[in-house]
Each structure stands twice: as structure tokens, then as C-alpha cells.
$ cat final29.cif   # mmCIF, C-alpha atoms and all ligand atoms
data_input
loop_
_atom_site.group_PDB
_atom_site.id
_atom_site.type_symbol
_atom_site.label_atom_id
_atom_site.label_comp_id
_atom_site.auth_asym_id
_atom_site.auth_seq_id
_atom_site.Cartn_x
_atom_site.Cartn_y
_atom_site.Cartn_z
ATOM 1 C CA MET A 1 0.000 0.000 0.000
ATOM 2 C CA SER A 2 1.297 3.452 -0.861
ATOM 3 C CA SER A 3 2.473 5.780 1.851
ATOM 4 C CA GLU A 4 -0.111 8.267 0.582
ATOM 5 C CA SER A 5 -3.015 6.069 1.565
ATOM 6 C CA SER A 6 -1.189 5.165 4.762
ATOM 7 C CA ALA A 7 -1.286 8.824 5.679
ATOM 8 C CA ALA A 8 -4.807 8.324 6.898
ATOM 9 C CA SER A 9 -6.921 11.112 8.244
ATOM 10 C CA ALA A 10 -10.336 11.036 9.834
ATOM 11 C CA SER A 11 -11.225 14.594 9.037
ATOM 12 C CA GLY A 12 -14.557 13.926 7.366
ATOM 13 C CA ASP A 13 -17.364 15.467 9.349
ATOM 14 C CA THR A 14 -19.654 12.456 9.464
ATOM 15 C CA ILE A 15 -20.713 10.151 12.250
ATOM 16 C CA PHE A 16 -18.017 7.741 11.071
ATOM 17 C CA GLY A 17 -15.437 10.520 11.293
ATOM 18 C CA ARG A 18 -16.542 11.021 14.882
ATOM 19 C CA ILE A 19 -16.184 7.291 15.569
ATOM 20 C CA LEU A 20 -12.675 7.321 14.060
ATOM 21 C CA ARG A 21 -11.725 10.282 16.225
ATOM 22 C CA GLY A 22 -13.019 8.466 19.302
ATOM 23 C CA GLU A 23 -15.699 11.069 19.944
ATOM 24 C CA ILE A 24 -18.474 8.488 20.006
ATOM 25 C CA PRO A 25 -18.169 4.793 20.865
ATOM 26 C CA CYS A 26 -18.476 1.802 18.601
ATOM 27 C CA ASP A 27 -18.396 -1.955 19.008
ATOM 28 C CA ALA A 28 -15.079 -2.491 17.237
ATOM 29 C CA LEU A 29 -14.102 -5.895 15.833
ATOM 30 C CA TYR A 30 -10.930 -5.031 13.942
ATOM 31 C CA SER A 31 -8.640 -2.054 13.645
ATOM 32 C CA ASP A 32 -5.412 -1.268 11.848
ATOM 33 C CA GLU A 33 -3.642 1.805 10.514
ATOM 34 C CA HIS A 34 -5.849 1.894 7.427
ATOM 35 C CA CYS A 35 -9.325 0.949 8.581
ATOM 36 C CA LEU A 36 -11.757 0.148 11.352
ATOM 37 C CA ALA A 37 -14.487 -2.517 11.476
ATOM 38 C CA PHE A 38 -17.373 -2.246 13.916
ATOM 39 C CA ARG A 39 -20.905 -3.547 14.370
ATOM 40 C CA ASP A 40 -23.720 -1.647 12.670
ATOM 41 C CA VAL A 41 -25.924 0.072 15.250
ATOM 42 C CA ALA A 42 -29.071 -1.076 13.383
ATOM 43 C CA PRO A 43 -28.193 -4.605 12.238
ATOM 44 C CA GLN A 44 -30.128 -6.017 9.286
ATOM 45 C CA ALA A 45 -28.964 -9.582 10.002
ATOM 46 C CA PRO A 46 -27.394 -11.528 12.900
ATOM 47 C CA VAL A 47 -24.007 -10.302 11.658
ATOM 48 C CA HIS A 48 -23.851 -6.762 10.296
ATOM 49 C CA VAL A 49 -20.438 -5.145 10.373
ATOM 50 C CA LEU A 50 -19.161 -1.962 8.740
ATOM 51 C CA VAL A 51 -15.608 -1.627 7.459
ATOM 52 C CA ILE A 52 -14.472 1.964 6.979
ATOM 53 C CA PRO A 53 -11.199 3.515 5.854
ATOM 54 C CA ARG A 54 -9.495 5.901 8.253
ATOM 55 C CA GLN A 55 -8.972 8.160 5.260
ATOM 56 C CA SER A 56 -12.075 10.181 4.518
ATOM 57 C CA ILE A 57 -13.516 9.255 1.104
ATOM 58 C CA ALA A 58 -17.168 10.270 0.836
ATOM 59 C CA ARG A 59 -18.220 7.543 -1.567
ATOM 60 C CA LEU A 60 -16.797 4.920 -3.877
ATOM 61 C CA SER A 61 -17.222 7.231 -6.877
ATOM 62 C CA ASP A 62 -14.772 9.649 -5.204
ATOM 63 C CA ALA A 63 -12.029 7.013 -5.037
ATOM 64 C CA GLY A 64 -9.192 7.155 -7.552
ATOM 65 C CA HIS A 65 -6.254 5.051 -8.615
ATOM 66 C CA GLU A 66 -4.352 6.242 -5.567
ATOM 67 C CA HIS A 67 -6.898 4.343 -3.448
ATOM 68 C CA GLU A 68 -6.490 1.037 -5.263
ATOM 69 C CA ALA A 69 -4.504 -0.677 -2.517
ATOM 70 C CA LEU A 70 -6.751 0.740 0.190
ATOM 71 C CA LEU A 71 -9.892 -0.568 -1.530
ATOM 72 C CA GLY A 72 -8.338 -4.015 -1.836
ATOM 73 C CA HIS A 73 -7.379 -3.902 1.814
ATOM 74 C CA LEU A 74 -10.954 -3.050 2.825
ATOM 75 C CA LEU A 75 -12.230 -6.108 0.947
ATOM 76 C CA LEU A 76 -9.681 -8.364 2.613
ATOM 77 C CA VAL A 77 -10.605 -6.972 6.022
ATOM 78 C CA ALA A 78 -14.287 -7.567 5.220
ATOM 79 C CA ALA A 79 -13.481 -11.232 4.530
ATOM 80 C CA ARG A 80 -11.335 -11.452 7.657
ATOM 81 C CA VAL A 81 -14.121 -10.064 9.837
ATOM 82 C CA ALA A 82 -16.704 -12.344 8.221
ATOM 83 C CA HIS A 83 -14.537 -15.362 9.034
ATOM 84 C CA GLN A 84 -13.936 -13.992 12.529
ATOM 85 C CA GLU A 85 -17.708 -13.862 12.978
ATOM 86 C CA GLY A 86 -17.997 -17.497 11.894
ATOM 87 C CA LEU A 87 -19.555 -16.798 8.506
ATOM 88 C CA SER A 88 -18.875 -18.982 5.474
ATOM 89 C CA ASP A 89 -21.446 -17.131 3.346
ATOM 90 C CA TRP A 90 -22.092 -13.427 3.540
ATOM 91 C CA ARG A 91 -22.832 -10.351 1.465
ATOM 92 C CA THR A 92 -20.580 -7.333 1.036
ATOM 93 C CA VAL A 93 -22.401 -4.136 0.049
ATOM 94 C CA ILE A 94 -21.231 -0.636 -0.794
ATOM 95 C CA ASN A 95 -24.095 1.805 -1.221
ATOM 96 C CA THR A 96 -23.018 4.718 -3.416
ATOM 97 C CA GLY A 97 -25.271 7.760 -3.419
ATOM 98 C CA GLY A 98 -28.591 8.494 -1.826
ATOM 99 C CA GLU A 99 -30.688 6.681 -4.384
ATOM 100 C CA ALA A 100 -28.680 3.527 -3.682
ATOM 101 C CA GLY A 101 -29.328 3.884 0.036
ATOM 102 C CA GLN A 102 -26.156 5.627 1.201
ATOM 103 C CA THR A 103 -26.912 7.667 4.310
ATOM 104 C CA VAL A 104 -23.419 8.201 5.735
ATOM 105 C CA PHE A 105 -21.048 9.891 3.316
ATOM 106 C CA HIS A 106 -17.870 8.248 4.483
ATOM 107 C CA LEU A 107 -17.085 5.195 2.341
ATOM 108 C CA HIS A 108 -18.039 1.964 4.088
ATOM 109 C CA LEU A 109 -18.479 -1.711 3.311
ATOM 110 C CA HIS A 110 -21.369 -3.564 4.876
ATOM 111 C CA VAL A 111 -20.664 -7.195 5.810
ATOM 112 C CA ILE A 112 -24.017 -8.897 6.275
ATOM 113 C CA GLY A 113 -24.700 -12.536 7.096
ATOM 114 C CA GLY A 114 -25.979 -15.132 9.514
ATOM 115 C CA ARG A 115 -29.306 -15.636 7.734
ATOM 116 C CA PRO A 116 -30.397 -16.409 4.157
ATOM 117 C CA LEU A 117 -30.237 -13.244 2.069
ATOM 118 C CA ALA A 118 -32.663 -12.567 -0.772
ATOM 119 C CA TRP A 119 -31.573 -11.294 -4.184
ATOM 120 C CA PRO A 120 -32.101 -8.840 -5.744
ATOM 121 C CA PRO A 121 -32.133 -6.344 -2.869
ATOM 122 C CA GLY A 122 -35.008 -3.859 -2.734
HETATM 123 P P1 LIG B 1 -25.506 3.384 4.397
HETATM 124 O O1 LIG B 1 -27.010 3.482 4.456
HETATM 125 O O2 LIG B 1 -24.982 2.429 3.374
HETATM 126 O O3 LIG B 1 -24.866 4.753 4.301
HETATM 127 O O4 LIG B 1 -25.061 2.744 5.779
HETATM 128 C C1 LIG B 1 -24.877 3.484 6.950
HETATM 129 C C2 LIG B 1 -24.976 2.527 8.078
HETATM 130 O O5 LIG B 1 -24.396 3.131 9.216
HETATM 131 C C3 LIG B 1 -26.389 2.116 8.460
HETATM 132 O O6 LIG B 1 -26.528 0.710 8.334
HETATM 133 C C4 LIG B 1 -26.513 2.597 9.899
HETATM 134 O O7 LIG B 1 -27.288 1.713 10.699
HETATM 135 C C5 LIG B 1 -25.070 2.654 10.331
HETATM 136 N N1 LIG B 1 -24.781 3.549 11.438
HETATM 137 C C6 LIG B 1 -25.147 4.846 11.545
HETATM 138 N N2 LIG B 1 -24.661 5.371 12.672
HETATM 139 C C7 LIG B 1 -23.954 4.391 13.291
HETATM 140 C C8 LIG B 1 -23.208 4.307 14.497
HETATM 141 N N3 LIG B 1 -23.074 5.345 15.324
HETATM 142 N N4 LIG B 1 -22.609 3.135 14.823
HETATM 143 C C9 LIG B 1 -22.723 2.074 13.996
HETATM 144 N N5 LIG B 1 -23.403 2.096 12.835
HETATM 145 C C10 LIG B 1 -24.025 3.230 12.485
#
$ encode --input "final29.cif" --output "C-alpha cells" --more "lines below"
Ligand code: AMP
Amino acid sequence: MSSESSAASASGDTIFGRILRGEIPCDALYSDEHCLAFRDVAPQAPVHVLVIPRQSIARLSDAGHEHEALLGHLLLVAARVAHQEGLSDWRTVINTGGEAGQTVFHLHLHVIGGRPLAWPPG
């Protein structure tokens, strides 16, 4: 991973920025210099975890080539957390934009599992 993406900041003024800055608590499952994984406050399944970069990127469409390694890392952490939670099958979701259901504009991956999941989503 490039040193640029390692130079993480949590400056985004969202609720996830506040979690990263330690201003509000979360139920953390994994943390490293690049990202944080914690339980969703309103779980949609028995396991519902969010993986967020420490670097503030509002949405996936704002990511560029310089974020390539970071995005790969987030996916690997999502798989790590899913395994940690005992899941063999799960869904990884990134909502991008309000019409797609994004409500917090700090990039995040949902890791959802522990029950059968219908497709397509609503
Ligand atoms: P999205 O709708 O894709 O932007 O997802 C945002 C998610 O953040 C939702 O599933 C919320 O339940 C979750 N969420 C919002 N605030 C918190 C919080 N303080 N701690 C944990 N999860 C949160």
C-alpha cells in the first residue's frame, strides 16, 4: 500500500469521522492503521459489520487510482471479519449515493450474514 493512503486522516465530518476520532463509541471488531471494522448500530442480520477507511472518502465514486490498494485492503478486512464472525457465506455491500441507500457519506463496506439473504435487494 502506498504511503499516501497510509497517511490516513479522519477529518470527514460524518458520524463515522466522529467514531474514528473516538468522539463516540463503537463496538469495534478489527482495527489497523488503514481501517476500522465495527458492528452496525441497526443490524439487518445476525451479523452486520461496517468496514471503513481511516482516510475520509465520501463515496466509492470519489475514489481514484491512488486508493487502489486501500480498496483491496478493505475487501480483505471484510473477509477477515466475516470469518472472525464465523460466517462462510455473507454479502458485502457498498451503497453509493442516496438513491442507492447511502446515508453516511464516508465510504463503508457492509458485511451482512448469519441468515439467508434474498436477491435482488429492494
Ligand atoms: P448506508 O445506508 O450504506 O450509508 O449505511 C450506513 C450505516 O451506518 C447504516 O446501516 C446505519 O445503521 C449505520 N450507522 C449509523 N450510525 C452508526 C453508528 N453510530 N454506529 C454504527 N453504525 C451506524
$ resolve_selection --input "final29.cif" --expression "the PyMOL selection byres (((not hetatm)) within 12 of (chain B and resi 1))" --output "PyMOL selection string"
chain A and resi 14-20+22-29+36-45+47-52+58-60+92-112
$ axis_aligned_box --input "final29.cif" --around "range 84-97 of chain A" --padding-each-side "4 Å" --output "lines of an AutoDock Vina configuration file"
center_x = -19.6
center_y = -5.6
center_z = 4.8
size_x = 19.3
size_y = 34.7
size_z = 24.4
$ resolve_selection --input "final29.cif" --expression "the PyMOL selection byres (((chain A and resi 69-74) around 9) and not hetatm)" --output "count of residues only"
21
$ resolve_selection --input "final29.cif" --expression "the PyMOL selection byres (((chain A and resi 115) around 7) and not hetatm)" --output "NGL selection string"
:A and (45-46 or 113-114 or 116-117)
$ atom_distance --input "final29.cif" --atom1 "CA of Tyr30 in chain A" --atom2 "CA of Val81 in chain A"
7.2 Å
$ closest_residue --input "final29.cif" --among "A:Arg21, A:Arg80, A:Arg54, A:Arg91" --to "Ala118 in chain A" --atoms "only C-alpha atoms"
A:Arg91
$ atom_distance --input "final29.cif" --atom1 "CA of Asp13 in chain A" --atom2 "CA of Gln55 in chain A"
11.9 Å
$ atom_distance --input "final29.cif" --atom1 "CA of Pro120 in chain A" --atom2 "CA of Asp89 in chain A"
16.3 Å
$ decode --input "final29.cif" --residues "range 82-107 of chain A" --atoms "N, CA and C atoms" --output "compact mmCIF listing (two decimals), in the first residue's frame"
# COMPACT_ATOMS: atom_id res chain seq x y z
N ALA A 82 -15.65 -11.34 8.45
CA ALA A 82 -16.70 -12.34 8.22
C ALA A 82 -16.27 -13.70 8.78
N HIS A 83 -15.05 -14.09 8.49
CA HIS A 83 -14.54 -15.36 9.03
C HIS A 83 -14.48 -15.32 10.55
N GLN A 84 -14.03 -14.19 11.07
CA GLN A 84 -13.94 -13.99 12.53
C GLN A 84 -15.30 -14.16 13.19
N GLU A 85 -16.34 -13.76 12.46
CA GLU A 85 -17.71 -13.86 12.98
C GLU A 85 -18.32 -15.24 12.71
N GLY A 86 -17.54 -16.13 12.12
CA GLY A 86 -18.00 -17.50 11.89
C GLY A 86 -18.81 -17.69 10.63
N LEU A 87 -18.76 -16.71 9.73
CA LEU A 87 -19.56 -16.80 8.51
C LEU A 87 -18.78 -17.52 7.41
N SER A 88 -19.46 -18.42 6.69
CA SER A 88 -18.88 -18.98 5.47
C SER A 88 -19.50 -18.30 4.26
N ASP A 89 -20.74 -17.85 4.41
CA ASP A 89 -21.45 -17.13 3.35
C ASP A 89 -21.86 -15.77 3.91
N TRP A 90 -21.67 -14.75 3.10
CA TRP A 90 -22.09 -13.43 3.54
C TRP A 90 -22.19 -12.52 2.33
N ARG A 91 -22.72 -11.34 2.54
CA ARG A 91 -22.83 -10.35 1.47
C ARG A 91 -22.02 -9.11 1.84
N THR A 92 -21.31 -8.59 0.86
CA THR A 92 -20.58 -7.33 1.04
C THR A 92 -21.25 -6.29 0.16
N VAL A 93 -21.63 -5.17 0.76
CA VAL A 93 -22.40 -4.14 0.05
C VAL A 93 -21.71 -2.79 0.22
N ILE A 94 -21.65 -2.04 -0.87
CA ILE A 94 -21.23 -0.64 -0.79
C ILE A 94 -22.32 0.19 -1.46
N ASN A 95 -23.09 0.90 -0.67
CA ASN A 95 -24.09 1.80 -1.22
C ASN A 95 -23.40 3.09 -1.66
N THR A 96 -23.67 3.52 -2.88
CA THR A 96 -23.02 4.72 -3.42
C THR A 96 -24.08 5.69 -3.88
N GLY A 97 -24.27 6.75 -3.09
CA GLY A 97 -25.27 7.76 -3.42
C GLY A 97 -26.60 7.50 -2.74
N GLY A 98 -27.34 8.58 -2.57
CA GLY A 98 -28.59 8.49 -1.83
C GLY A 98 -29.61 7.55 -2.43
N GLU A 99 -29.70 7.54 -3.74
CA GLU A 99 -30.69 6.68 -4.38
C GLU A 99 -30.37 5.20 -4.17
N ALA A 100 -29.10 4.92 -3.94
CA ALA A 100 -28.68 3.53 -3.68
C ALA A 100 -28.77 3.19 -2.20
N GLY A 101 -29.16 4.17 -1.38
CA GLY A 101 -29.33 3.88 0.04
C GLY A 101 -28.21 4.38 0.93
N GLN A 102 -27.24 5.12 0.35
CA GLN A 102 -26.16 5.63 1.20
C GLN A 102 -26.68 6.77 2.07
N THR A 103 -26.47 6.64 3.36
CA THR A 103 -26.91 7.67 4.31
C THR A 103 -25.75 8.32 5.03
N VAL A 104 -24.62 7.63 5.10
CA VAL A 104 -23.42 8.20 5.74
C VAL A 104 -22.36 8.36 4.64
N PHE A 105 -21.94 9.62 4.44
CA PHE A 105 -21.05 9.89 3.32
C PHE A 105 -19.59 9.84 3.74
N HIS A 106 -19.25 8.67 4.24
CA HIS A 106 -17.87 8.25 4.48
C HIS A 106 -17.87 6.80 3.99
N LEU A 107 -17.08 6.52 2.97
CA LEU A 107 -17.08 5.20 2.34
C LEU A 107 -17.11 4.08 3.39
